[in-house]
Structures are given as structure tokens and as C-alpha cells.
file start22.json (JSON, C-alpha atoms and all ligand atoms)
[["chain", "number", "residue", "atom", "x", "y", "z"],
["A", 1, "MET", "CA", 12.66, 25.74, 10.04],
["A", 2, "LYS", "CA", 11.06, 23.14, 12.20],
["A", 3, "LYS", "CA", 7.73, 23.77, 13.76],
["A", 4, "ASN", "CA", 6.52, 21.90, 16.76],
["A", 5, "LEU", "CA", 3.25, 20.36, 15.74],
["A", 6, "ALA", "CA", 1.20, 17.95, 17.76],
["A", 7, "ARG", "CA", 0.57, 14.62, 16.07],
["A", 8, "THR", "CA", -3.13, 15.14, 15.63],
["A", 9, "TYR", "CA", -4.66, 15.03, 12.21],
["A", 10, "CYS", "CA", -5.98, 18.54, 12.40],
["A", 11, "GLU", "CA", -7.61, 20.43, 9.59],
["A", 12, "ASP", "CA", -5.42, 23.52, 9.53],
["A", 13, "VAL", "CA", -1.93, 22.11, 8.92],
["A", 14, "LEU", "CA", -0.69, 23.09, 5.48],
["A", 15, "PHE", "CA", 2.13, 21.34, 3.65],
["A", 16, "ALA", "CA", 5.40, 22.99, 4.71],
["A", 17, "ASP", "CA", 6.40, 26.04, 2.64],
["A", 18, "ALA", "CA", 3.04, 26.26, 0.90],
["A", 19, "ASN", "CA", 3.36, 30.01, 1.22],
["A", 20, "VAL", "CA", 1.35, 31.36, -1.70],
["A", 21, "GLY", "CA", -2.27, 31.59, -2.76],
["A", 22, "PRO", "CA", -3.75, 30.05, -5.91],
["A", 23, "ASN", "CA", -3.05, 33.06, -8.12],
["A", 24, "GLU", "CA", 0.71, 33.25, -7.50],
["A", 25, "ALA", "CA", 1.26, 29.48, -7.48],
["A", 26, "ASP", "CA", 3.15, 27.43, -10.04],
["A", 27, "SER", "CA", 2.73, 24.25, -7.99],
["A", 28, "VAL", "CA", -0.48, 23.07, -6.35],
["A", 29, "LEU", "CA", -0.86, 20.31, -3.79],
["A", 30, "PHE", "CA", -4.06, 18.63, -2.64],
["A", 31, "GLY", "CA", -5.02, 15.53, -0.68],
["A", 32, "VAL", "CA", -7.63, 12.85, -1.20],
["A", 33, "ARG", "CA", -8.95, 11.22, 1.96],
["A", 34, "TYR", "CA", -9.97, 7.88, 0.62],
["A", 35, "GLY", "CA", -9.45, 4.21, 1.36],
["A", 36, "GLY", "CA", -12.69, 2.74, 0.03],
["A", 37, "THR", "CA", -11.25, -0.31, -1.78],
["A", 38, "VAL", "CA", -8.16, -1.15, 0.29],
["A", 39, "SER", "CA", -7.72, -4.90, 0.31],
["A", 40, "PHE", "CA", -5.75, -5.63, 3.49],
["A", 41, "ARG", "CA", -4.81, -3.17, 6.28],
["A", 42, "LYS", "CA", -6.88, -0.01, 6.35],
["A", 43, "GLY", "CA", -6.09, 3.63, 7.09],
["A", 44, "THR", "CA", -5.14, 5.54, 3.91],
["A", 45, "GLU", "CA", -7.88, 8.13, 4.57],
["A", 46, "THR", "CA", -5.60, 10.00, 6.97],
["A", 47, "GLY", "CA", -2.55, 9.80, 4.70],
["A", 48, "PRO", "CA", -2.69, 13.42, 3.49],
["A", 49, "CYS", "CA", -2.86, 14.82, 7.04],
["A", 50, "ALA", "CA", 0.04, 12.72, 8.31],
["A", 51, "ILE", "CA", 2.23, 13.59, 5.31],
["A", 52, "ARG", "CA", 1.53, 17.32, 5.80],
["A", 53, "GLU", "CA", 2.45, 17.13, 9.47],
["A", 54, "GLU", "CA", 5.71, 15.31, 8.75],
["A", 55, "SER", "CA", 6.59, 17.86, 6.03],
["A", 56, "TRP", "CA", 7.44, 20.37, 8.77],
["A", 57, "ASN", "CA", 10.38, 18.30, 9.97],
["A", 58, "PHE", "CA", 12.73, 19.43, 7.20],
["A", 59, "GLU", "CA", 14.93, 22.45, 6.59],
["A", 60, "THR", "CA", 13.56, 24.78, 3.94],
["A", 61, "PHE", "CA", 17.04, 24.91, 2.37],
["A", 62, "HIS", "CA", 17.94, 21.83, 0.36],
["A", 63, "TRP", "CA", 21.62, 21.18, 1.02],
["A", 64, "GLU", "CA", 22.12, 19.05, -2.07],
["A", 65, "HIS", "CA", 20.31, 21.09, -4.71],
["A", 66, "GLY", "CA", 21.03, 24.51, -3.21],
["A", 67, "THR", "CA", 17.43, 25.67, -3.43],
["A", 68, "ASP", "CA", 15.24, 27.08, -0.66],
["A", 69, "LEU", "CA", 11.69, 25.78, -0.53],
["A", 70, "GLU", "CA", 10.61, 28.85, 1.40],
["A", 71, "LYS", "CA", 10.79, 30.60, -1.98],
["A", 72, "SER", "CA", 8.77, 27.96, -3.80],
["A", 73, "LYS", "CA", 5.42, 29.01, -5.21],
["A", 74, "LEU", "CA", 3.38, 26.21, -3.70],
["A", 75, "PHE", "CA", -0.32, 26.46, -2.93],
["A", 76, "ASP", "CA", -1.91, 23.86, -0.63],
["A", 77, "ALA", "CA", -5.51, 23.48, -1.76],
["A", 78, "GLY", "CA", -6.54, 21.20, 1.12],
["A", 79, "ASP", "CA", -8.28, 17.86, 0.87],
["A", 80, "ILE", "CA", -11.34, 16.29, -0.63],
["A", 81, "GLY", "CA", -13.15, 13.19, 0.60],
["A", 82, "PRO", "CA", -14.31, 10.90, 2.04],
["A", 83, "PHE", "CA", -16.60, 9.43, -0.61],
["A", 84, "LYS", "CA", -19.36, 6.84, -0.47],
["A", 85, "THR", "CA", -18.43, 4.85, -3.58],
["A", 86, "PRO", "CA", -15.44, 4.39, -5.92],
["A", 87, "ASP", "CA", -17.42, 6.03, -8.73],
["A", 88, "GLU", "CA", -18.20, 9.08, -6.61],
["A", 89, "MET", "CA", -14.50, 9.31, -5.72],
["A", 90, "VAL", "CA", -13.41, 9.26, -9.37],
["A", 91, "THR", "CA", -15.90, 11.96, -10.39],
["A", 92, "SER", "CA", -15.00, 14.23, -7.47],
["A", 93, "VAL", "CA", -11.23, 13.80, -7.85],
["A", 94, "ALA", "CA", -11.44, 14.42, -11.60],
["A", 95, "THR", "CA", -13.40, 17.64, -11.06],
["A", 96, "ARG", "CA", -11.08, 18.92, -8.34],
["A", 97, "ALA", "CA", -7.89, 17.98, -10.20],
["A", 98, "ARG", "CA", -9.10, 19.76, -13.35],
["A", 99, "GLU", "CA", -9.79, 22.91, -11.31],
["A", 100, "LEU", "CA", -6.29, 22.81, -9.84],
["A", 101, "ALA", "CA", -4.16, 21.70, -12.83],
["A", 102, "HIS", "CA", -4.15, 24.71, -15.22],
["A", 103, "GLY", "CA", -0.48, 24.46, -16.16],
["A", 104, "ASN", "CA", 0.61, 24.07, -12.54],
["A", 105, "PHE", "CA", 2.80, 21.25, -11.28],
["A", 106, "LEU", "CA", 0.12, 19.20, -9.54],
["A", 107, "VAL", "CA", 0.92, 17.14, -6.42],
["A", 108, "MET", "CA", -1.65, 14.77, -4.96],
["A", 109, "LEU", "CA", -1.34, 13.11, -1.57],
["A", 110, "GLY", "CA", -3.39, 9.91, -1.16],
["A", 111, "GLY", "CA", -5.40, 8.10, -0.26],
["A", 112, "GLU", "CA", -5.27, 4.72, -1.94],
["A", 113, "HIS", "CA", -3.94, 4.15, -5.44],
["A", 114, "SER", "CA", -7.31, 4.25, -7.25],
["A", 115, "VAL", "CA", -7.27, 8.01, -6.63],
["A", 116, "SER", "CA", -4.40, 8.57, -9.10],
["A", 117, "ALA", "CA", -6.02, 7.90, -12.51],
["A", 118, "PRO", "CA", -8.39, 10.90, -12.49],
["A", 119, "VAL", "CA", -5.44, 13.12, -11.50],
["A", 120, "VAL", "CA", -3.33, 11.78, -14.39],
["A", 121, "GLU", "CA", -6.22, 12.54, -16.73],
["A", 122, "ALA", "CA", -6.60, 16.09, -15.39],
["A", 123, "THR", "CA", -2.90, 16.91, -15.92],
["A", 124, "LYS", "CA", -3.12, 15.70, -19.56],
["A", 125, "ALA", "CA", 0.08, 13.72, -18.99],
["A", 126, "LYS", "CA", 1.14, 11.57, -21.93],
["A", 127, "CYS", "CA", 3.02, 8.96, -19.94],
["A", 128, "VAL", "CA", 3.16, 7.63, -16.40],
["A", 129, "ILE", "CA", 6.08, 6.19, -14.49],
["A", 130, "VAL", "CA", 4.88, 4.24, -11.47],
["A", 131, "VAL", "CA", 6.62, 3.07, -8.31],
["A", 132, "ASP", "CA", 4.80, 0.06, -6.88],
["A", 133, "ALA", "CA", 5.26, -3.41, -5.42],
["A", 134, "HIS", "CA", 2.13, -4.52, -7.26],
["A", 135, "LEU", "CA", 1.52, -4.47, -10.99],
["A", 136, "ASP", "CA", -2.05, -3.15, -10.35],
["A", 137, "PHE", "CA", -2.98, -4.33, -13.84],
["A", 138, "ARG", "CA", -6.26, -6.14, -13.20],
["A", 139, "ASP", "CA", -9.05, -4.81, -15.39],
["A", 140, "SER", "CA", -11.38, -4.96, -12.40],
["A", 141, "TYR", "CA", -11.24, -6.23, -8.83],
["A", 142, "HIS", "CA", -14.09, -6.89, -6.40],
["A", 143, "ASP", "CA", -16.54, -5.77, -9.11],
["A", 144, "SER", "CA", -14.96, -2.36, -9.59],
["A", 145, "LYS", "CA", -12.65, -0.92, -12.24],
["A", 146, "ASN", "CA", -11.83, 1.78, -9.70],
["A", 147, "ASN", "CA", -10.27, -0.60, -7.18],
["A", 148, "HIS", "CA", -6.72, 0.16, -6.02],
["A", 149, "ALA", "CA", -5.59, -3.13, -7.59],
["A", 150, "CYS", "CA", -6.39, -1.64, -11.04],
["A", 151, "ALA", "CA", -4.42, 1.63, -10.87],
["A", 152, "THR", "CA", -1.86, 0.88, -13.59],
["A", 153, "ARG", "CA", -4.55, -0.60, -15.85],
["A", 154, "ARG", "CA", -6.43, 2.72, -15.69],
["A", 155, "PHE", "CA", -3.22, 4.65, -16.50],
["A", 156, "ALA", "CA", -2.75, 2.38, -19.52],
["A", 157, "GLU", "CA", -6.26, 3.20, -20.74],
["A", 158, "LEU", "CA", -5.48, 6.92, -20.49],
["A", 159, "VAL", "CA", -2.05, 7.07, -22.15],
["A", 160, "GLY", "CA", -1.53, 3.61, -23.71],
["A", 161, "ALA", "CA", 0.15, 0.65, -22.02],
["A", 162, "GLU", "CA", 3.38, 1.39, -23.91],
["A", 163, "ASN", "CA", 3.53, 4.80, -22.18],
["A", 164, "VAL", "CA", 3.31, 3.38, -18.66],
["A", 165, "PHE", "CA", 6.34, 1.96, -16.85],
["A", 166, "PRO", "CA", 6.10, 0.60, -13.29],
["A", 167, "ILE", "CA", 9.31, 0.21, -11.23],
["A", 168, "GLY", "CA", 9.78, -1.95, -8.13],
["A", 169, "ILE", "CA", 7.28, -4.69, -9.07],
["A", 170, "ARG", "CA", 7.30, -7.93, -7.07],
["A", 171, "SER", "CA", 3.65, -8.96, -6.93],
["A", 172, "ILE", "CA", 1.85, -10.07, -10.11],
["A", 173, "CYS", "CA", -1.03, -12.46, -10.69],
["A", 174, "ALA", "CA", -1.10, -14.78, -13.74],
["A", 175, "GLU", "CA", -3.91, -12.83, -15.39],
["A", 176, "GLU", "CA", -1.98, -9.56, -15.04],
["A", 177, "LEU", "CA", 1.12, -11.13, -16.55],
["A", 178, "GLU", "CA", -0.88, -12.32, -19.56],
["A", 179, "ASP", "CA", -2.55, -8.92, -20.03],
["A", 180, "ALA", "CA", 0.77, -7.08, -19.65],
["A", 181, "LYS", "CA", 2.27, -9.19, -22.46],
["A", 182, "ARG", "CA", -0.81, -8.82, -24.66],
["A", 183, "LEU", "CA", -1.10, -5.06, -24.21],
["A", 184, "GLY", "CA", 2.64, -4.28, -24.25],
["A", 185, "LEU", "CA", 3.14, -3.07, -20.69],
["A", 186, "LYS", "CA", 6.84, -3.01, -19.79],
["A", 187, "TYR", "CA", 8.03, -2.81, -16.20],
["A", 188, "ALA", "CA", 11.06, -3.29, -13.95],
["A", 189, "THR", "CA", 10.92, -5.55, -10.92],
["A", 190, "SER", "CA", 12.64, -4.73, -7.64],
["A", 191, "LYS", "CA", 15.05, -7.55, -8.56],
["A", 192, "ASP", "CA", 15.89, -5.70, -11.80],
["A", 193, "VAL", "CA", 16.66, -2.59, -9.74],
["A", 194, "ARG", "CA", 18.89, -4.60, -7.41],
["A", 195, "GLU", "CA", 20.74, -6.32, -10.26],
["A", 196, "ARG", "CA", 21.04, -3.48, -12.79],
["A", 197, "GLY", "CA", 21.05, -0.45, -10.51],
["A", 198, "ILE", "CA", 18.42, 2.26, -10.29],
["A", 199, "ASP", "CA", 19.99, 4.62, -12.85],
["A", 200, "ARG", "CA", 19.95, 1.99, -15.58],
["A", 201, "VAL", "CA", 16.33, 1.14, -14.79],
["A", 202, "ILE", "CA", 15.39, 4.84, -14.94],
["A", 203, "ASP", "CA", 17.16, 5.07, -18.33],
["A", 204, "GLU", "CA", 15.09, 2.09, -19.53],
["A", 205, "ALA", "CA", 11.86, 3.64, -18.24],
["A", 206, "LEU", "CA", 12.55, 7.00, -19.88],
["A", 207, "ALA", "CA", 13.44, 5.32, -23.19],
["A", 208, "SER", "CA", 10.37, 3.10, -23.03],
["A", 209, "VAL", "CA", 7.69, 5.75, -22.50],
["A", 210, "LYS", "CA", 7.53, 7.90, -25.61],
["A", 211, "GLY", "CA", 5.00, 10.55, -24.66],
["A", 212, "ARG", "CA", 5.70, 13.70, -22.66],
["A", 213, "PRO", "CA", 4.94, 15.29, -20.28],
["A", 214, "LEU", "CA", 5.51, 12.78, -17.54],
["A", 215, "TYR", "CA", 3.46, 11.95, -14.48],
["A", 216, "LEU", "CA", 5.01, 10.08, -11.54],
["A", 217, "SER", "CA", 2.76, 7.96, -9.34],
["A", 218, "ILE", "CA", 4.45, 6.67, -6.19],
["A", 219, "ASP", "CA", 2.63, 3.88, -4.39],
["A", 220, "ILE", "CA", 4.68, 3.94, -1.20],
["A", 221, "ASP", "CA", 4.55, 0.11, -0.96],
["A", 222, "GLY", "CA", 6.97, 0.03, -3.92],
["A", 223, "LEU", "CA", 9.62, 0.75, -1.32],
["A", 224, "ASP", "CA", 10.69, -2.05, 1.01],
["A", 225, "PRO", "CA", 8.59, -2.21, 4.20],
["A", 226, "ALA", "CA", 11.86, -1.62, 6.07],
["A", 227, "TYR", "CA", 11.75, 1.96, 4.74],
["A", 228, "ALA", "CA", 7.99, 2.36, 4.40],
["A", 229, "PRO", "CA", 6.20, 0.18, 6.96],
["A", 230, "GLY", "CA", 3.09, 2.36, 7.11],
["A", 231, "THR", "CA", 1.13, 0.97, 4.21],
["A", 232, "GLY", "CA", -1.85, -1.34, 3.76],
["A", 233, "THR", "CA", -0.33, -4.09, 1.60],
["A", 234, "PRO", "CA", 3.37, -4.33, 2.52],
["A", 235, "GLU", "CA", 5.49, -6.54, 0.27],
["A", 236, "PRO", "CA", 9.04, -7.58, 1.22],
["A", 237, "PHE", "CA", 12.10, -7.21, -1.06],
["A", 238, "GLY", "CA", 11.36, -3.70, -2.28],
["A", 239, "ILE", "CA", 13.45, -0.84, -3.60],
["A", 240, "THR", "CA", 15.27, 1.42, -1.16],
["A", 241, "SER", "CA", 14.49, 4.98, -0.12],
["A", 242, "TRP", "CA", 17.65, 6.02, -2.02],
["A", 243, "ASP", "CA", 16.26, 4.38, -5.18],
["A", 244, "ALA", "CA", 13.00, 6.30, -4.77],
["A", 245, "LYS", "CA", 14.87, 9.55, -4.20],
["A", 246, "ARG", "CA", 16.87, 8.96, -7.37],
["A", 247, "ILE", "CA", 13.69, 8.35, -9.39],
["A", 248, "VAL", "CA", 12.17, 11.60, -8.13],
["A", 249, "GLU", "CA", 15.39, 13.55, -8.61],
["A", 250, "ARG", "CA", 15.86, 12.42, -12.21],
["A", 251, "LEU", "CA", 12.24, 12.74, -13.32],
["A", 252, "ALA", "CA", 11.35, 15.96, -11.50],
["A", 253, "PRO", "CA", 12.36, 18.40, -14.26],
["A", 254, "GLU", "CA", 10.05, 16.66, -16.75],
["A", 255, "LEU", "CA", 7.03, 16.17, -14.49],
["A", 256, "ILE", "CA", 3.63, 17.74, -14.95],
["A", 257, "GLY", "CA", 2.31, 16.05, -11.84],
["A", 258, "MET", "CA", 3.07, 13.48, -9.18],
["A", 259, "ASP", "CA", 1.40, 11.68, -6.33],
["A", 260, "VAL", "CA", 2.34, 9.70, -3.26],
["A", 261, "VAL", "CA", -0.36, 7.21, -2.31],
["A", 262, "GLU", "CA", -1.09, 4.27, 0.00],
["A", 263, "VAL", "CA", 0.45, 5.81, 3.14],
["A", 264, "SER", "CA", -1.53, 4.38, 6.06],
["A", 265, "PRO", "CA", -0.89, 6.32, 9.28],
["A", 266, "PRO", "CA", -2.43, 3.69, 11.62],
["A", 267, "CYS", "CA", 0.20, 1.21, 10.34],
["A", 268, "ASP", "CA", 3.01, 3.77, 10.55],
["A", 269, "ASN", "CA", 5.60, 4.83, 13.10],
["A", 270, "GLY", "CA", 5.72, 8.23, 11.38],
["A", 271, "ASN", "CA", 8.64, 7.37, 9.11],
["A", 272, "THR", "CA", 6.54, 6.43, 6.08],
["A", 273, "ALA", "CA", 4.64, 9.73, 6.09],
["A", 274, "SER", "CA", 7.97, 11.49, 6.65],
["A", 275, "LEU", "CA", 9.48, 9.74, 3.62],
["A", 276, "ALA", "CA", 6.43, 10.62, 1.50],
["A", 277, "ALA", "CA", 6.75, 14.29, 2.46],
["A", 278, "ARG", "CA", 10.47, 14.23, 1.78],
["A", 279, "LEU", "CA", 9.98, 12.78, -1.71],
["A", 280, "VAL", "CA", 7.55, 15.58, -2.58],
["A", 281, "ARG", "CA", 10.05, 18.12, -1.25],
["A", 282, "GLU", "CA", 12.81, 16.50, -3.30],
["A", 283, "ALA", "CA", 10.77, 17.08, -6.46],
["A", 284, "MET", "CA", 10.07, 20.68, -5.49],
["A", 285, "ALA", "CA", 13.75, 21.38, -4.74],
["A", 286, "VAL", "CA", 14.95, 19.93, -8.03],
["A", 287, "ARG", "CA", 12.30, 21.78, -10.03],
["A", 288, "MET", "CA", 13.36, 25.10, -8.48],
["A", 289, "LYS", "CA", 16.81, 24.75, -10.01],
["A", 290, "SER", "CA", 15.75, 23.11, -13.25],
["A", 291, "PRO", "CA", 16.33, 25.16, -16.41],
["A", 292, "THR", "CA", 13.52, 23.25, -18.15],
["A", 293, "ARG", "CA", 10.97, 24.46, -15.64],
["A", 294, "GLU", "CA", 8.22, 26.54, -17.19],
["A", 301, "MN", "MN", -0.61, 0.47, -6.28],
["A", 302, "MN", "MN", 1.08, -1.39, -4.20]]
call {"tool": "encode", "arguments": {"input": "start22.json", "output": "C-alpha cells"}}
result
Amino acid sequence: MKKNLARTYCEDVLFADANVGPNEADSVLFGVRYGGTVSFRKGTETGPCAIREESWNFETFHWEHGTDLEKSKLFDAGDIGPFKTPDEMVTSVATRARELAHGNFLVMLGGEHSVSAPVVEATKAKCVIVVDAHLDFRDSYHDSKNNHACATRRFAELVGAENVFPIGIRSICAEELEDAKRLGLKYATSKDVRERGIDRVIDEALASVKGRPLYLSIDIDGLDPAYAPGTGTPEPFGITSWDAKRIVERLAPELIGMDVVEVSPPCDNGNTASLAARLVREAMAVRMKSPTRE
């Protein structure tokens, strides 16, 4: 049930229904307080705290899936960060994610998008489906390969470009387009989602990426700023919150890990962090009823 929490980014707020310790857990959540390479509006460092606070807004019982998150075996391992450099961030996140993975369903709350690649690596995922407005396919940006504009490129290095599929794209530079063609990166634009419908696009994504298990990386700016205003690089004409819910709902049974990144609380009215929390809870609720769950 709802708890009345003050909107301060305090240290001791766990994600809602994270009721078990590390030994009983089958799902582990952690946050990364990092916004070192953000290119426009700042503020992703406090993303994990805001998402945790908003997570308490929801009923533990999921009306649609018939599961009760109070009975989930979720451990909240807290946050890491901040870090002085992108390289330090990658090393620290990789170490922490490896400690926490161990066959658990791993959930990471960002933080900016550069935080995701070391988490993907730690889960040993074989393919990555991405939600993003931006292709994030530059090999390097502002002299760093670990810039948030390079997130998808790093995923492609880990699992192969053919095993990465971004959805919701509507911002691509010429160099990225050329590299995507050359390296065989397929993706669906937000216009594709609007024209073909989200279920068909999910079918295409699932058919395109051959490896399993799956990792889902949600850059919250993939959603239209109308639904997710609290982000550093908002891009109009995005997918809807219903589209994002459908992606999570359909992929959840196959996931080994997921993240929600680029939530920027200083740019938010609370609804973006709320949506991020709700998407994580959607995955948890579906996985509790899934027969394929380990
Ligand atoms: Mn991104
Ligand atoms: Mn983005």
C-alpha cells in the first residue's frame, strides 16, 4: 500500500516491495548516480532516488497480471556513484553488476545511458533491445567511448550489432546512419511504431535479435516528452507510455536484466520517475506469473 514519503532524495528509501535480503533474492535492483557526460540538461545523478520514492505510489497487487509484488523476491542493493571520470564509472559499475548478477534478474536505475553497457556485460546477455529517441551509435563523443551518446555502439561491441535493436528512434546523425548500415544495426523509428503498431515492431525486434537471453535498456527519452518530460535531451514525436508498457510486458519473461536510464529529477514534475518505477514494476509483475521464469 501507499506510504507517505517526503520528496527528499534520502538515503534510506528502498524500492517498493524490495522485501528480501541478497540470499533469498531472485531479482536484484541497484542504482547508479551518474551524469558525467550528459550533453544538454543535467540531473541524472538523482534519478535512482526519485524513481525509488515514486515506486511507493502503487498498489502491491497488479490488477492486470494478478500477481502481488509484496511476494516478489526483490533485493535493493542501493546505489553506487558518483564517479570522477567515465572510465572510473565503467570499472565500478562492471564490478558491482558482476557481484549482483549471479543468475538474478538484474535491474539498474540510472544515471545516464553510458552506465548500461557494463551492466549488459555483467548479465552475459546475448542481445539487447533498446528504447531510445537517439540511435546512440557514435563510436566516441567528446573524446570518450563511454559518453551517453555511444550507448548502443557499446552494446553492439558486446553482443554484435545484429543482436541489438533500438525502438523509438528519431534522432540520428549522418555518421551513425552510415555506421548502422555498415555494421548491420537494425532499428525501428517512432514513426514505424506509429504506422505499424507496437506489437508488430516488437515482433520484428524479437525476430531480428537471434541471441538469448535478452536485456532491455530503456532510455526514458524514447518516450514522448509529453509522457516523460523529466529527461536531459527531450525529443518530440516519441512513443507512448502504453507502447513502453507493451514492450516491457512482452519481453519481461525472457529478460535477464533491464535498466531505466536518463531520468532527470530536476527537469521532472515527478511523472517521469513515476513512469520509470511503474515500468520496472510491470516487468516484476509479469515475471511473477511467467512459466518460463527460472
Ligand atoms: Mn540513450
Ligand atoms: Mn536518448
call {"tool": "closest_residue", "arguments": {"input": "start22.json", "among": "A:Ala226, A:Val193, A:Ala244, A:Ile167", "to": "ligand MN 302 (chain A)", "atoms": "all atoms listed in the file"}}
result
A:Ile167
call {"tool": "closest_residue", "arguments": {"input": "start22.json", "among": "A:Thr240, A:Ser72, A:Asn163, A:Ser217", "to": "Gly197 of chain A", "atoms": "only C-alpha atoms"}}
result
A:Thr240
call {"tool": "residues_near_ligand", "arguments": {"input": "start22.json", "ligand": "ligand MN 301 (chain A)", "cutoff": "9 Å", "atoms": "all atoms listed in the file", "output": "list in words"}}
result
Glu112, His113, Ser114, Val130, Val131, Asp132, Ala133, His134, Leu135, Asp136, His148, Ala149, Cys150, Ala151, Thr152, Ser217, Ile218, Asp219, Ile220, Asp221, Gly222, Val261 and Glu262 of chain A
call {"tool": "write_last_selection", "arguments": {"input": "start22.json", "atoms": "C-alpha atoms", "output": "PDB file, in the frame of the given file"}}
result
ATOM      1  CA  GLU A 112      -5.270   4.720  -1.940  1.00  0.00           C
ATOM      2  CA  HIS A 113      -3.940   4.150  -5.440  1.00  0.00           C
ATOM      3  CA  SER A 114      -7.310   4.250  -7.250  1.00  0.00           C
ATOM      4  CA  VAL A 130       4.880   4.240 -11.470  1.00  0.00           C
ATOM      5  CA  VAL A 131       6.620   3.070  -8.310  1.00  0.00           C
ATOM      6  CA  ASP A 132       4.800   0.060  -6.880  1.00  0.00           C
ATOM      7  CA  ALA A 133       5.260  -3.410  -5.420  1.00  0.00           C
ATOM      8  CA  HIS A 134       2.130  -4.520  -7.260  1.00  0.00           C
ATOM      9  CA  LEU A 135       1.520  -4.470 -10.990  1.00  0.00           C
ATOM     10  CA  ASP A 136      -2.050  -3.150 -10.350  1.00  0.00           C
ATOM     11  CA  HIS A 148      -6.720   0.160  -6.020  1.00  0.00           C
ATOM     12  CA  ALA A 149      -5.590  -3.130  -7.590  1.00  0.00           C
ATOM     13  CA  CYS A 150      -6.390  -1.640 -11.040  1.00  0.00           C
ATOM     14  CA  ALA A 151      -4.420   1.630 -10.870  1.00  0.00           C
ATOM     15  CA  THR A 152      -1.860   0.880 -13.590  1.00  0.00           C
ATOM     16  CA  SER A 217       2.760   7.960  -9.340  1.00  0.00           C
ATOM     17  CA  ILE A 218       4.450   6.670  -6.190  1.00  0.00           C
ATOM     18  CA  ASP A 219       2.630   3.880  -4.390  1.00  0.00           C
ATOM     19  CA  ILE A 220       4.680   3.940  -1.200  1.00  0.00           C
ATOM     20  CA  ASP A 221       4.550   0.110  -0.960  1.00  0.00           C
ATOM     21  CA  GLY A 222       6.970   0.030  -3.920  1.00  0.00           C
ATOM     22  CA  VAL A 261      -0.360   7.210  -2.310  1.00  0.00           C
ATOM     23  CA  GLU A 262      -1.090   4.270   0.000  1.00  0.00           C
TER      24      GLU A 262
END
call {"tool": "atom_distance", "arguments": {"input": "start22.json", "atom1": "atom CA of Leu14 of chain A", "atom2": "atom CA of Lys124 of chain A"}}
result
26.2 Å
call {"tool": "closest_atom_pairs", "arguments": {"input": "start22.json", "of": "segment 149-180 of chain A", "to": "segment 139-144 of chain A", "cutoff": "12 Å", "atoms": "only C-alpha atoms", "output": "CSV"}}
result
residue,atom,partner,partner_atom,distance
A:Ala149,CA,A:Tyr141,CA,6.6
A:Cys150,CA,A:Asp139,CA,6.0
A:Ala151,CA,A:Asp139,CA,9.1
A:Thr152,CA,A:Asp139,CA,9.3
A:Arg153,CA,A:Asp139,CA,6.2
A:Arg154,CA,A:Asp139,CA,8.0
A:Phe155,CA,A:Asp139,CA,11.2
A:Ala156,CA,A:Asp139,CA,10.4
A:Glu157,CA,A:Asp139,CA,10.0
A:Glu175,CA,A:Asp139,CA,9.5
A:Glu176,CA,A:Asp139,CA,8.5
A:Glu178,CA,A:Asp139,CA,11.9
A:Asp179,CA,A:Asp139,CA,9.0
A:Ala180,CA,A:Asp139,CA,10.9
call {"tool": "residues_near_point", "arguments": {"input": "start22.json", "point": "(14.8, 4.4, -17.1)", "cutoff": "10 Å", "atoms": "all atoms listed in the file", "output": "PDB file with C-alpha atoms, keeping the file's coordinate frame"}}
result
ATOM      1  CA  ILE A 129       6.080   6.190 -14.490  1.00  0.00           C
ATOM      2  CA  PHE A 165       6.340   1.960 -16.850  1.00  0.00           C
ATOM      3  CA  ILE A 167       9.310   0.210 -11.230  1.00  0.00           C
ATOM      4  CA  TYR A 187       8.030  -2.810 -16.200  1.00  0.00           C
ATOM      5  CA  ALA A 188      11.060  -3.290 -13.950  1.00  0.00           C
ATOM      6  CA  ILE A 198      18.420   2.260 -10.290  1.00  0.00           C
ATOM      7  CA  ASP A 199      19.990   4.620 -12.850  1.00  0.00           C
ATOM      8  CA  ARG A 200      19.950   1.990 -15.580  1.00  0.00           C
ATOM      9  CA  VAL A 201      16.330   1.140 -14.790  1.00  0.00           C
ATOM     10  CA  ILE A 202      15.390   4.840 -14.940  1.00  0.00           C
ATOM     11  CA  ASP A 203      17.160   5.070 -18.330  1.00  0.00           C
ATOM     12  CA  GLU A 204      15.090   2.090 -19.530  1.00  0.00           C
ATOM     13  CA  ALA A 205      11.860   3.640 -18.240  1.00  0.00           C
ATOM     14  CA  LEU A 206      12.550   7.000 -19.880  1.00  0.00           C
ATOM     15  CA  ALA A 207      13.440   5.320 -23.190  1.00  0.00           C
ATOM     16  CA  SER A 208      10.370   3.100 -23.030  1.00  0.00           C
ATOM     17  CA  VAL A 209       7.690   5.750 -22.500  1.00  0.00           C
ATOM     18  CA  ILE A 247      13.690   8.350  -9.390  1.00  0.00           C
ATOM     19  CA  ARG A 250      15.860  12.420 -12.210  1.00  0.00           C
ATOM     20  CA  LEU A 251      12.240  12.740 -13.320  1.00  0.00           C
TER      21      LEU A 251
END
call {"tool": "atom_distance", "arguments": {"input": "start22.json", "atom1": "atom CA of Glu282 of chain A", "atom2": "atom CA of Thr67 of chain A"}}
result
10.3 Å
call {"tool": "residues_around", "arguments": {"input": "start22.json", "residues": "Val115 of chain A", "least_positions_apart": "3", "cutoff": "8 Å", "atoms": "all atoms listed in the file", "output": "PDB file with C-alpha atoms, in the coordinates of the input"}}
result
ATOM      1  CA  VAL A  32      -7.630  12.850  -1.200  1.00  0.00           C
ATOM      2  CA  TYR A  34      -9.970   7.880   0.620  1.00  0.00           C
ATOM      3  CA  MET A  89     -14.500   9.310  -5.720  1.00  0.00           C
ATOM      4  CA  VAL A  90     -13.410   9.260  -9.370  1.00  0.00           C
ATOM      5  CA  VAL A  93     -11.230  13.800  -7.850  1.00  0.00           C
ATOM      6  CA  GLY A 110      -3.390   9.910  -1.160  1.00  0.00           C
ATOM      7  CA  GLY A 111      -5.400   8.100  -0.260  1.00  0.00           C
ATOM      8  CA  GLU A 112      -5.270   4.720  -1.940  1.00  0.00           C
ATOM      9  CA  PRO A 118      -8.390  10.900 -12.490  1.00  0.00           C
ATOM     10  CA  VAL A 119      -5.440  13.120 -11.500  1.00  0.00           C
ATOM     11  CA  HIS A 148      -6.720   0.160  -6.020  1.00  0.00           C
TER      12      HIS A 148
END
call {"tool": "atom_distance", "arguments": {"input": "start22.json", "atom1": "atom CA of Leu69 of chain A", "atom2": "atom CA of Ile51 of chain A"}}
result
16.5 Å
call {"tool": "closest_residue", "arguments": {"input": "start22.json", "among": "A:Phe61, A:Trp56, A:Trp242, A:Phe75", "to": "Glu24 of chain A", "atoms": "only C-alpha atoms"}}
result
A:Phe75
call {"tool": "residues_around", "arguments": {"input": "start22.json", "residues": "Asp79 of chain A", "least_positions_apart": "5", "cutoff": "12 Å", "atoms": "all atoms listed in the file", "output": "VMD selection string"}}
result
chain A and resid 10 to 15 28 to 34 45 to 49 52 92 to 93 96 to 97 100 107 to 111
call {"tool": "closest_residue", "arguments": {"input": "start22.json", "among": "A:Cys127, A:Val38, A:Arg182, A:Lys73", "to": "ligand MN 302 (chain A)", "atoms": "all atoms listed in the file"}}
result
A:Val38
